[in-house]
>>> print(open('query12.cif').read())   # mmCIF, C-alpha atoms
data_input
loop_
_atom_site.label_atom_id
_atom_site.label_comp_id
_atom_site.auth_asym_id
_atom_site.auth_seq_id
_atom_site.Cartn_x
_atom_site.Cartn_y
_atom_site.Cartn_z
CA MET A 1 0.00 0.00 0.00
CA LYS A 2 2.79 2.34 0.98
CA LYS A 3 4.65 1.56 -2.23
CA LEU A 4 1.53 2.28 -4.22
CA SER A 5 1.10 5.68 -2.53
CA VAL A 6 4.68 6.67 -3.27
CA TRP A 7 4.26 5.58 -6.84
CA LEU A 8 1.00 7.52 -7.14
CA LEU A 9 2.57 10.64 -5.70
CA ALA A 10 5.45 10.36 -8.11
CA VAL A 11 3.06 10.03 -11.02
CA LEU A 12 1.01 13.02 -9.86
CA ALA A 13 4.16 15.11 -9.38
CA ALA A 14 5.36 14.16 -12.84
CA LEU A 15 1.99 15.08 -14.31
CA ALA A 16 2.03 18.39 -12.45
CA ILE A 17 5.53 19.20 -13.71
CA ALA A 18 4.55 18.18 -17.21
CA GLY A 19 1.43 20.31 -16.91
CA CYS A 20 3.43 23.31 -15.76
CA ALA A 21 5.97 22.81 -18.49
CA SER A 22 3.23 22.66 -21.07
CA GLN A 23 1.90 26.05 -19.82
CA LYS A 24 5.28 27.78 -19.75
CA GLY A 25 5.47 28.30 -23.50
CA PRO A 26 1.97 29.74 -23.86
CA ALA A 27 2.54 31.95 -20.79
CA GLU A 28 5.78 33.33 -22.23
CA GLN A 29 4.06 33.84 -25.52
CA ALA A 30 1.18 35.68 -23.82
CA VAL A 31 3.58 38.08 -22.08
CA ALA A 32 5.59 38.63 -25.26
CA SER A 33 2.41 39.34 -27.22
CA ALA A 34 1.21 41.81 -24.59
CA GLU A 35 4.58 43.58 -24.56
CA SER A 36 4.58 43.83 -28.31
CA ALA A 37 1.00 45.11 -28.44
CA LEU A 38 1.70 47.70 -25.77
CA ALA A 39 4.92 48.82 -27.45
CA SER A 40 2.99 49.57 -30.62
CA VAL A 41 0.69 52.05 -28.82
CA ARG A 42 3.01 53.30 -26.05
CA ASP A 43 4.15 56.56 -27.70
CA MET A 44 0.64 57.60 -28.66
CA ALA A 45 -0.74 56.54 -25.26
CA GLN A 46 1.99 58.44 -23.42
CA LYS A 47 0.85 61.60 -25.19
CA TYR A 48 -2.90 61.16 -25.15
CA ALA A 49 -3.77 58.74 -22.32
CA PRO A 50 -0.87 58.70 -19.85
CA GLU A 51 -2.91 57.72 -16.80
CA GLN A 52 -4.56 54.80 -18.54
CA LEU A 53 -1.15 53.76 -19.86
CA GLY A 54 0.16 53.69 -16.28
CA GLY A 55 -2.56 51.23 -15.29
CA VAL A 56 -1.84 48.96 -18.24
CA GLU A 57 1.90 49.07 -17.58
CA ALA A 58 1.19 47.93 -14.01
CA GLN A 59 -0.94 45.04 -15.31
CA LEU A 60 1.86 43.98 -17.66
CA GLN A 61 4.43 44.17 -14.87
CA SER A 62 2.21 41.99 -12.69
CA LEU A 63 2.03 39.44 -15.51
CA LYS A 64 5.82 39.49 -15.88
CA ASP A 65 6.23 38.97 -12.15
CA SER A 66 3.91 35.99 -12.29
CA LEU A 67 5.90 34.59 -15.21
CA ALA A 68 9.17 35.05 -13.33
CA GLN A 69 7.69 33.20 -10.35
CA GLY A 70 6.62 30.33 -12.58
CA ASP A 71 2.93 31.02 -12.11
CA TYR A 72 2.13 30.15 -15.69
CA LYS A 73 -1.47 29.36 -14.91
CA GLY A 74 -1.88 32.82 -13.36
CA VAL A 75 -0.26 34.41 -16.38
CA LEU A 76 -2.60 32.64 -18.76
CA ALA A 77 -5.61 33.51 -16.60
CA ALA A 78 -4.71 37.23 -16.47
CA ALA A 79 -3.53 37.64 -20.05
CA PRO A 80 -6.97 38.12 -21.67
CA ALA A 81 -7.76 41.02 -19.32
CA LEU A 82 -4.46 42.66 -20.24
CA THR A 83 -5.19 42.18 -23.93
CA THR A 84 -8.54 43.89 -23.43
CA ALA A 85 -6.91 46.71 -21.45
CA ILE A 86 -4.34 47.32 -24.21
CA SER A 87 -7.06 47.36 -26.81
CA SER A 88 -9.07 49.85 -24.75
CA LEU A 89 -5.95 51.97 -24.26
CA LYS A 90 -5.41 52.03 -27.99
CA ASP A 91 -9.02 53.08 -28.59
CA THR A 92 -8.83 55.87 -26.01
CA ALA A 93 -5.50 57.20 -27.30
CA THR A 94 -6.67 57.06 -30.92
CA ALA A 95 -9.86 58.96 -30.08
CA LYS A 96 -7.97 61.59 -28.09
CA GLN A 97 -5.39 61.95 -30.85
CA ALA A 98 -8.20 62.52 -33.34
CA GLU A 99 -9.75 65.11 -31.01
CA ALA A 100 -6.43 66.90 -30.59
CA GLU A 101 -5.80 66.91 -34.34
CA ALA A 102 -9.28 68.29 -35.01
CA ALA A 103 -8.75 71.03 -32.42
CA LEU A 104 -5.38 71.86 -33.95
CA ALA A 105 -6.86 72.06 -37.45
CA LYS A 106 -9.62 74.33 -36.16
CA ALA A 107 -7.09 76.56 -34.42
CA LYS A 108 -4.94 76.66 -37.56
CA ASP A 109 -7.92 77.82 -39.62
CA ALA A 110 -8.82 80.47 -37.06
CA TRP A 111 -5.24 81.74 -36.85
CA GLY A 112 -5.37 83.25 -40.35
CA PRO A 113 -8.07 85.86 -39.59
CA MET A 114 -6.67 86.36 -36.10
CA SER A 115 -3.16 87.09 -37.38
CA ALA A 116 -4.59 89.59 -39.85
CA ASP A 117 -6.86 91.32 -37.31
CA VAL A 118 -4.87 91.74 -34.14
CA PRO A 119 -1.89 93.69 -35.54
CA LYS A 120 -4.35 96.11 -37.14
CA MET A 121 -6.16 96.57 -33.84
CA VAL A 122 -2.86 97.23 -32.12
CA ASP A 123 -1.82 99.67 -34.86
CA ALA A 124 -5.11 101.55 -34.52
CA ILE A 125 -4.65 101.79 -30.76
CA GLN A 126 -1.01 102.86 -31.13
CA SER A 127 -2.04 105.60 -33.53
CA ARG A 128 -4.74 106.88 -31.20
CA VAL A 129 -2.49 106.73 -28.15
CA ASP A 130 0.24 108.65 -30.01
CA ILE A 131 -2.25 111.37 -30.94
CA LEU A 132 -3.96 111.55 -27.55
CA SER A 133 -0.59 111.84 -25.82
CA LYS A 134 -0.09 115.09 -27.78
CA SER A 135 -3.53 116.41 -26.90
CA HIS A 136 -3.82 119.26 -24.41
CA HIS A 137 -7.16 117.94 -23.20
CA LEU A 138 -8.55 114.46 -23.41
CA PRO A 139 -11.86 113.91 -25.20
CA LYS A 140 -15.06 113.31 -23.29
CA GLY A 141 -15.15 109.83 -21.80
CA VAL A 142 -11.37 109.29 -21.92
CA THR A 143 -9.46 109.69 -18.68
CA LYS A 144 -5.76 110.03 -17.96
CA ASP A 145 -5.95 106.62 -16.32
CA SER A 146 -7.47 104.98 -19.37
CA LEU A 147 -4.83 106.57 -21.61
CA GLN A 148 -2.08 105.40 -19.28
CA ALA A 149 -3.63 101.90 -19.18
CA ALA A 150 -3.73 101.89 -22.98
CA GLU A 151 -0.05 102.85 -23.17
CA SER A 152 1.01 100.05 -20.84
CA GLY A 153 -1.50 97.72 -22.49
CA LEU A 154 0.17 98.30 -25.84
CA SER A 155 3.45 97.13 -24.46
CA SER A 156 1.99 93.95 -22.97
CA MET A 157 -0.09 93.27 -26.09
CA LYS A 158 2.95 93.50 -28.35
CA SER A 159 4.86 91.11 -26.14
CA ALA A 160 1.96 88.64 -25.92
CA TRP A 161 1.38 88.89 -29.67
CA SER A 162 5.00 88.07 -30.29
CA ASP A 163 4.58 84.94 -28.14
CA ALA A 164 1.44 84.00 -30.06
CA SER A 165 3.18 84.46 -33.40
CA ASN A 166 6.13 82.37 -32.28
CA ALA A 167 3.76 79.59 -31.19
CA ALA A 168 2.08 79.70 -34.60
CA SER A 169 5.44 79.62 -36.36
CA SER A 170 6.33 76.47 -34.47
CA GLY A 171 3.01 74.87 -35.44
CA ASP A 172 1.36 75.20 -32.03
CA PHE A 173 -1.80 76.89 -33.26
CA THR A 174 -3.76 75.99 -30.13
CA THR A 175 -1.40 78.05 -27.96
CA ALA A 176 -1.19 80.73 -30.65
CA MET A 177 -4.97 81.09 -30.71
CA SER A 178 -5.24 81.12 -26.95
CA LYS A 179 -2.63 83.87 -26.59
CA GLY A 180 -3.91 85.71 -29.66
CA GLN A 181 -7.48 85.74 -28.35
CA ALA A 182 -6.26 87.21 -25.06
CA VAL A 183 -4.53 90.02 -26.99
CA LYS A 184 -7.64 90.59 -29.10
CA ASP A 185 -9.84 90.79 -25.99
CA GLN A 186 -7.44 93.26 -24.40
CA ALA A 187 -7.32 95.34 -27.59
CA THR A 188 -11.12 95.41 -27.75
CA GLN A 189 -11.30 96.57 -24.16
CA ILE A 190 -8.69 99.30 -24.73
CA MET A 191 -10.43 100.51 -27.89
CA GLN A 192 -13.63 100.86 -25.89
CA SER A 193 -11.85 102.75 -23.12
CA LEU A 194 -10.45 105.20 -25.69
CA GLY A 195 -13.86 105.71 -27.30
CA MET A 196 -12.77 104.17 -30.57
CA SER A 197 -16.16 102.98 -31.77
CA SER A 198 -17.13 104.52 -35.11
CA SER A 199 -19.97 107.02 -35.40
CA MET B 1 2.51 96.28 -36.92
CA ALA B 2 3.07 99.41 -38.99
CA ASP B 3 5.59 102.04 -37.98
CA ASP B 4 4.09 104.80 -40.09
CA LYS B 5 0.81 105.24 -38.27
CA THR B 6 -1.16 107.63 -40.44
CA PRO B 7 -0.84 105.85 -43.82
CA ALA B 8 -1.61 102.57 -42.06
CA ALA B 9 -5.01 103.97 -41.10
CA ALA B 10 -6.08 103.90 -44.77
CA ASP B 11 -6.44 100.15 -45.01
CA ASN B 12 -7.05 99.40 -41.36
CA PRO B 13 -10.62 98.29 -40.67
CA TYR B 14 -10.08 99.06 -36.98
CA THR B 15 -9.42 102.72 -37.63
CA GLN B 16 -12.36 104.68 -36.28
CA THR B 17 -14.51 106.52 -38.79
CA HIS B 18 -16.68 109.60 -38.59
CA THR B 19 -19.45 110.49 -41.00
CA VAL B 20 -19.41 114.23 -41.58
CA GLN B 21 -22.56 116.03 -40.44
CA SER B 22 -23.74 119.48 -41.50
CA GLY B 23 -21.76 122.09 -39.54
CA ASP B 24 -18.77 119.78 -38.91
CA THR B 25 -15.23 121.06 -39.38
CA LEU B 26 -12.03 119.10 -38.99
CA SER B 27 -11.29 121.14 -35.88
CA LYS B 28 -14.64 120.23 -34.35
CA ILE B 29 -14.09 116.59 -35.21
CA ALA B 30 -10.59 116.72 -33.70
CA GLN B 31 -12.04 118.31 -30.59
CA LYS B 32 -14.59 115.52 -30.33
CA TYR B 33 -12.19 112.61 -30.78
CA TYR B 34 -8.94 114.01 -29.41
CA GLY B 35 -10.12 116.71 -27.02
CA ASP B 36 -7.90 119.14 -28.93
CA ALA B 37 -9.03 121.03 -32.05
CA SER B 38 -5.44 121.79 -33.06
CA LEU B 39 -4.91 118.11 -33.84
CA TYR B 40 -7.20 118.37 -36.90
CA THR B 41 -4.13 117.89 -39.13
CA LYS B 42 -3.96 114.25 -38.00
CA ILE B 43 -7.41 113.70 -39.47
CA PHE B 44 -6.56 115.67 -42.59
CA GLU B 45 -3.40 113.64 -43.21
CA ALA B 46 -5.24 110.36 -42.69
CA ASN B 47 -7.79 111.39 -45.32
CA ARG B 48 -5.60 112.97 -47.98
CA ASP B 49 -7.02 110.54 -50.51
CA GLN B 50 -10.40 112.31 -50.26
CA LEU B 51 -9.55 115.74 -48.83
CA LYS B 52 -7.59 118.34 -50.77
CA ASP B 53 -8.32 121.22 -48.41
CA PRO B 54 -8.77 120.87 -44.64
CA ASN B 55 -11.41 123.60 -44.77
CA ARG B 56 -13.58 121.76 -47.27
CA ILE B 57 -15.42 118.74 -45.95
CA PHE B 58 -18.92 117.73 -46.91
CA PRO B 59 -21.82 116.05 -45.11
CA GLY B 60 -21.85 112.33 -45.73
CA GLN B 61 -18.09 112.03 -46.17
CA LYS B 62 -16.73 109.16 -44.14
CA LEU B 63 -13.47 110.24 -42.54
CA ARG B 64 -10.89 108.02 -40.90
CA ILE B 65 -10.02 109.07 -37.37
CA PRO B 66 -6.53 107.68 -36.68
#
>>> encode(input="query12.cif", output="structure tokens")
Amino acid sequence: MKKLSVWLLAVLAALAIAGCASQKGPAEQAVASAESALASVRDMAQKYAPEQLGGVEAQLQSLKDSLAQGDYKGVLAAAPALTTAISSLKDTATAKQAEAEAALAKAKDAWGPMSADVPKMVDAIQSRVDILSKSHHLPKGVTKDSLQAAESGLSSMKSAWSDASNAASSGDFTTAMSKGQAVKDQATQIMQSLGMSSS
Amino acid sequence: MADDKTPAAADNPYTQTHTVQSGDTLSKIAQKYYGDASLYTKIFEANRDQLKDPNRIFPGQKLRIP
């Protein structure tokens, strides 16, 4: 009886080892496939879905740890979830990339009129400020404070416009539009303060 | 951004305009927009394409106010 038990245990152990060995290859393959799939989307994900990428990286690391510990069964059990997570990551990053590209194209289109308008607004303000600074009395509705604010505003607008133009030159039309709109808003406000609406 | 301010006013849509009313003079217009009648020459120079004489402006004329 005792001999039979020892023999049975030996057979079971051999089967277990054989079973493990048969899972090692598929487990290694599963990790390699996941690494390869993640590598193909990593750059895009880093830019457009960094937080989600972090979660997927952690899942992959956990799978690698299991593989290193010989837990092939665990690797094979967890691999489908990782595959799904990588696929979802790819979908998210692709959608966000498309959104960003659409926003950039929209900003690029809007930059043309903006880049034509704002310098003319600034020129008109500069001209009026130059003339008003020679005036002995300010016109009705224009105060010394508003003229002074316009003078300092011109300086800050020129600087901000230069930043916006540089952003546009480097292809960053989103930043260019954001900075340009701020200059345009400031110019509009200054024109109002100087009574520059046409009659 | 133009350095020569007055000529730039000609093709600048943001340059203010004034439609001449009966009784207007360049001095009165300068007084209204600049607070100083003596600055009428700024308006005259900005409108040389349509004004030959600063003393001759007509109702309905649309003047640029730089």
>>> atom_distance(input="query12.cif", atom1="CA of Ala167 in chain A", atom2="CA of Ala103 in chain A")
15.2 Å
>>> resolve_selection(input="query12.cif", expression="the PyMOL selection byres ((chain A and resi 108-121) around 8)", output="ChimeraX atom specification")
/A:104-107,122-125,165,168,173-174,176-177,180-181,183-184,187-188 /B:1,12-15
>>> write_last_selection(input="query12.cif", atoms="C-alpha atoms", output="short mmCIF file (atom, residue, chain, number, x, y, z; two decimals), in the frame of the given file")
data_model
loop_
_atom_site.label_atom_id
_atom_site.label_comp_id
_atom_site.auth_asym_id
_atom_site.auth_seq_id
_atom_site.Cartn_x
_atom_site.Cartn_y
_atom_site.Cartn_z
CA LEU A 104 -5.38 71.86 -33.95
CA ALA A 105 -6.86 72.06 -37.45
CA LYS A 106 -9.62 74.33 -36.16
CA ALA A 107 -7.09 76.56 -34.42
CA VAL A 122 -2.86 97.23 -32.12
CA ASP A 123 -1.82 99.67 -34.86
CA ALA A 124 -5.11 101.55 -34.52
CA ILE A 125 -4.65 101.79 -30.76
CA SER A 165 3.18 84.46 -33.40
CA ALA A 168 2.08 79.70 -34.60
CA PHE A 173 -1.80 76.89 -33.26
CA THR A 174 -3.76 75.99 -30.13
CA ALA A 176 -1.19 80.73 -30.65
CA MET A 177 -4.97 81.09 -30.71
CA GLY A 180 -3.91 85.71 -29.66
CA GLN A 181 -7.48 85.74 -28.35
CA VAL A 183 -4.53 90.02 -26.99
CA LYS A 184 -7.64 90.59 -29.10
CA ALA A 187 -7.32 95.34 -27.59
CA THR A 188 -11.12 95.41 -27.75
CA MET B 1 2.51 96.28 -36.92
CA ASN B 12 -7.05 99.40 -41.36
CA PRO B 13 -10.62 98.29 -40.67
CA TYR B 14 -10.08 99.06 -36.98
CA THR B 15 -9.42 102.72 -37.63
#
>>> interface_residues(input="query12.cif", of="chain B", to="chain A", cutoff="12 Å", atoms="only C-alpha atoms", output="PyMOL selection string")
chain B and resi 1-21+28-43+46+60+62-66
>>> resolve_selection(input="query12.cif", expression="the PyMOL selection byres ((chain A and resi 39) around 12)", output="number ranges by chain")
A: 32-38, 40-46, 53, 56-57, 60, 86, 89-90
>>> atom_distance(input="query12.cif", atom1="CA of Leu76 in chain A", atom2="CA of Thr94 in chain A")
27.6 Å
>>> atom_distance(input="query12.cif", atom1="CA of Ser87 in chain A", atom2="CA of Asp71 in chain A")
24.1 Å
>>> resolve_selection(input="query12.cif", expression="the PyMOL selection byres ((chain A and resi 28) around 10)", output="number ranges by chain")
A: 23-27, 29-34, 63-64, 67-68, 72, 75-76
>>> write_last_selection(input="query12.cif", atoms="C-alpha atoms", output="mmCIF file, keeping the file's coordinate frame")
data_model
loop_
_atom_site.group_PDB
_atom_site.id
_atom_site.type_symbol
_atom_site.label_atom_id
_atom_site.label_comp_id
_atom_site.auth_asym_id
_atom_site.auth_seq_id
_atom_site.Cartn_x
_atom_site.Cartn_y
_atom_site.Cartn_z
ATOM 1 C CA GLN A 23 1.900 26.050 -19.820
ATOM 2 C CA LYS A 24 5.280 27.780 -19.750
ATOM 3 C CA GLY A 25 5.470 28.300 -23.500
ATOM 4 C CA PRO A 26 1.970 29.740 -23.860
ATOM 5 C CA ALA A 27 2.540 31.950 -20.790
ATOM 6 C CA GLN A 29 4.060 33.840 -25.520
ATOM 7 C CA ALA A 30 1.180 35.680 -23.820
ATOM 8 C CA VAL A 31 3.580 38.080 -22.080
ATOM 9 C CA ALA A 32 5.590 38.630 -25.260
ATOM 10 C CA SER A 33 2.410 39.340 -27.220
ATOM 11 C CA ALA A 34 1.210 41.810 -24.590
ATOM 12 C CA LEU A 63 2.030 39.440 -15.510
ATOM 13 C CA LYS A 64 5.820 39.490 -15.880
ATOM 14 C CA LEU A 67 5.900 34.590 -15.210
ATOM 15 C CA ALA A 68 9.170 35.050 -13.330
ATOM 16 C CA TYR A 72 2.130 30.150 -15.690
ATOM 17 C CA VAL A 75 -0.260 34.410 -16.380
ATOM 18 C CA LEU A 76 -2.600 32.640 -18.760
#
>>> axis_aligned_box(input="query12.cif", around="range 159-174 of chain A", padding_each_side="4 Å", output="lines of an AutoDock Vina configuration file")
center_x = 1.3
center_y = 83.0
center_z = -31.1
size_x = 18.1
size_y = 24.2
size_z = 18.4
>>> build_atoms(input="query12.cif", residues="range 11-45 of chain B", atoms="N, CA and C atoms", output="short mmCIF file (atom, residue, chain, number, x, y, z; two decimals), in the coordinates of the input")
data_model
loop_
_atom_site.label_atom_id
_atom_site.label_comp_id
_atom_site.auth_asym_id
_atom_site.auth_seq_id
_atom_site.Cartn_x
_atom_site.Cartn_y
_atom_site.Cartn_z
N ASP B 11 -5.91 101.49 -44.74
CA ASP B 11 -6.44 100.15 -45.01
C ASP B 11 -6.65 99.36 -43.72
N ASN B 12 -6.84 100.08 -42.63
CA ASN B 12 -7.05 99.40 -41.36
C ASN B 12 -8.52 99.46 -40.97
N PRO B 13 -9.19 98.29 -40.98
CA PRO B 13 -10.62 98.29 -40.67
C PRO B 13 -10.91 98.68 -39.22
N TYR B 14 -9.87 98.70 -38.39
CA TYR B 14 -10.08 99.06 -36.98
C TYR B 14 -9.86 100.55 -36.73
N THR B 15 -9.52 101.28 -37.79
CA THR B 15 -9.42 102.72 -37.63
C THR B 15 -10.83 103.29 -37.52
N GLN B 16 -11.03 104.11 -36.50
CA GLN B 16 -12.36 104.68 -36.28
C GLN B 16 -12.76 105.57 -37.45
N THR B 17 -14.04 105.64 -37.71
CA THR B 17 -14.51 106.52 -38.79
C THR B 17 -15.56 107.50 -38.25
N HIS B 18 -15.68 108.59 -38.95
CA HIS B 18 -16.68 109.60 -38.59
C HIS B 18 -17.38 110.05 -39.86
N THR B 19 -18.69 110.01 -39.85
CA THR B 19 -19.45 110.49 -41.00
C THR B 19 -19.75 111.98 -40.79
N VAL B 20 -19.29 112.78 -41.72
CA VAL B 20 -19.41 114.23 -41.58
C VAL B 20 -20.88 114.66 -41.57
N GLN B 21 -21.20 115.48 -40.57
CA GLN B 21 -22.56 116.03 -40.44
C GLN B 21 -22.51 117.50 -40.86
N SER B 22 -23.66 118.06 -41.15
CA SER B 22 -23.74 119.48 -41.50
C SER B 22 -23.20 120.29 -40.30
N GLY B 23 -22.32 121.24 -40.59
CA GLY B 23 -21.76 122.09 -39.54
C GLY B 23 -20.44 121.57 -38.99
N ASP B 24 -20.05 120.35 -39.38
CA ASP B 24 -18.77 119.78 -38.91
C ASP B 24 -17.59 120.51 -39.57
N THR B 25 -16.52 120.63 -38.82
CA THR B 25 -15.23 121.06 -39.38
C THR B 25 -14.21 120.05 -38.86
N LEU B 26 -13.05 120.04 -39.49
CA LEU B 26 -12.03 119.10 -38.99
C LEU B 26 -11.64 119.44 -37.56
N SER B 27 -11.64 120.73 -37.25
CA SER B 27 -11.29 121.14 -35.88
C SER B 27 -12.32 120.61 -34.88
N LYS B 28 -13.59 120.73 -35.25
CA LYS B 28 -14.64 120.23 -34.35
C LYS B 28 -14.52 118.71 -34.17
N ILE B 29 -14.21 118.06 -35.28
CA ILE B 29 -14.09 116.59 -35.21
C ILE B 29 -12.87 116.22 -34.34
N ALA B 30 -11.79 116.98 -34.52
CA ALA B 30 -10.59 116.72 -33.70
C ALA B 30 -10.88 116.96 -32.22
N GLN B 31 -11.66 118.00 -31.97
CA GLN B 31 -12.04 118.31 -30.59
C GLN B 31 -12.83 117.15 -29.99
N LYS B 32 -13.73 116.61 -30.81
CA LYS B 32 -14.59 115.52 -30.33
C LYS B 32 -13.77 114.25 -30.02
N TYR B 33 -12.88 113.89 -30.94
CA TYR B 33 -12.19 112.61 -30.78
C TYR B 33 -10.87 112.71 -30.01
N TYR B 34 -10.25 113.86 -30.07
CA TYR B 34 -8.94 114.01 -29.41
C TYR B 34 -8.96 114.98 -28.22
N GLY B 35 -10.06 115.73 -28.11
CA GLY B 35 -10.12 116.71 -27.02
C GLY B 35 -9.29 117.93 -27.33
N ASP B 36 -8.80 118.05 -28.57
CA ASP B 36 -7.90 119.14 -28.93
C ASP B 36 -8.10 119.48 -30.41
N ALA B 37 -8.70 120.64 -30.66
CA ALA B 37 -9.03 121.03 -32.05
C ALA B 37 -7.78 121.18 -32.92
N SER B 38 -6.66 121.54 -32.27
CA SER B 38 -5.44 121.79 -33.06
C SER B 38 -4.88 120.51 -33.69
N LEU B 39 -5.41 119.38 -33.27
CA LEU B 39 -4.91 118.11 -33.84
C LEU B 39 -5.67 117.72 -35.10
N TYR B 40 -6.41 118.67 -35.69
CA TYR B 40 -7.20 118.37 -36.90
C TYR B 40 -6.30 117.88 -38.04
N THR B 41 -5.02 118.29 -38.03
CA THR B 41 -4.13 117.89 -39.13
C THR B 41 -3.95 116.37 -39.17
N LYS B 42 -4.07 115.72 -38.02
CA LYS B 42 -3.96 114.25 -38.00
C LYS B 42 -5.08 113.62 -38.83
N ILE B 43 -6.26 114.22 -38.71
CA ILE B 43 -7.41 113.70 -39.47
C ILE B 43 -7.23 114.05 -40.95
N PHE B 44 -6.77 115.26 -41.19
CA PHE B 44 -6.56 115.67 -42.59
C PHE B 44 -5.55 114.75 -43.28
N GLU B 45 -4.44 114.50 -42.62
CA GLU B 45 -3.40 113.64 -43.21
C GLU B 45 -3.89 112.21 -43.45
#
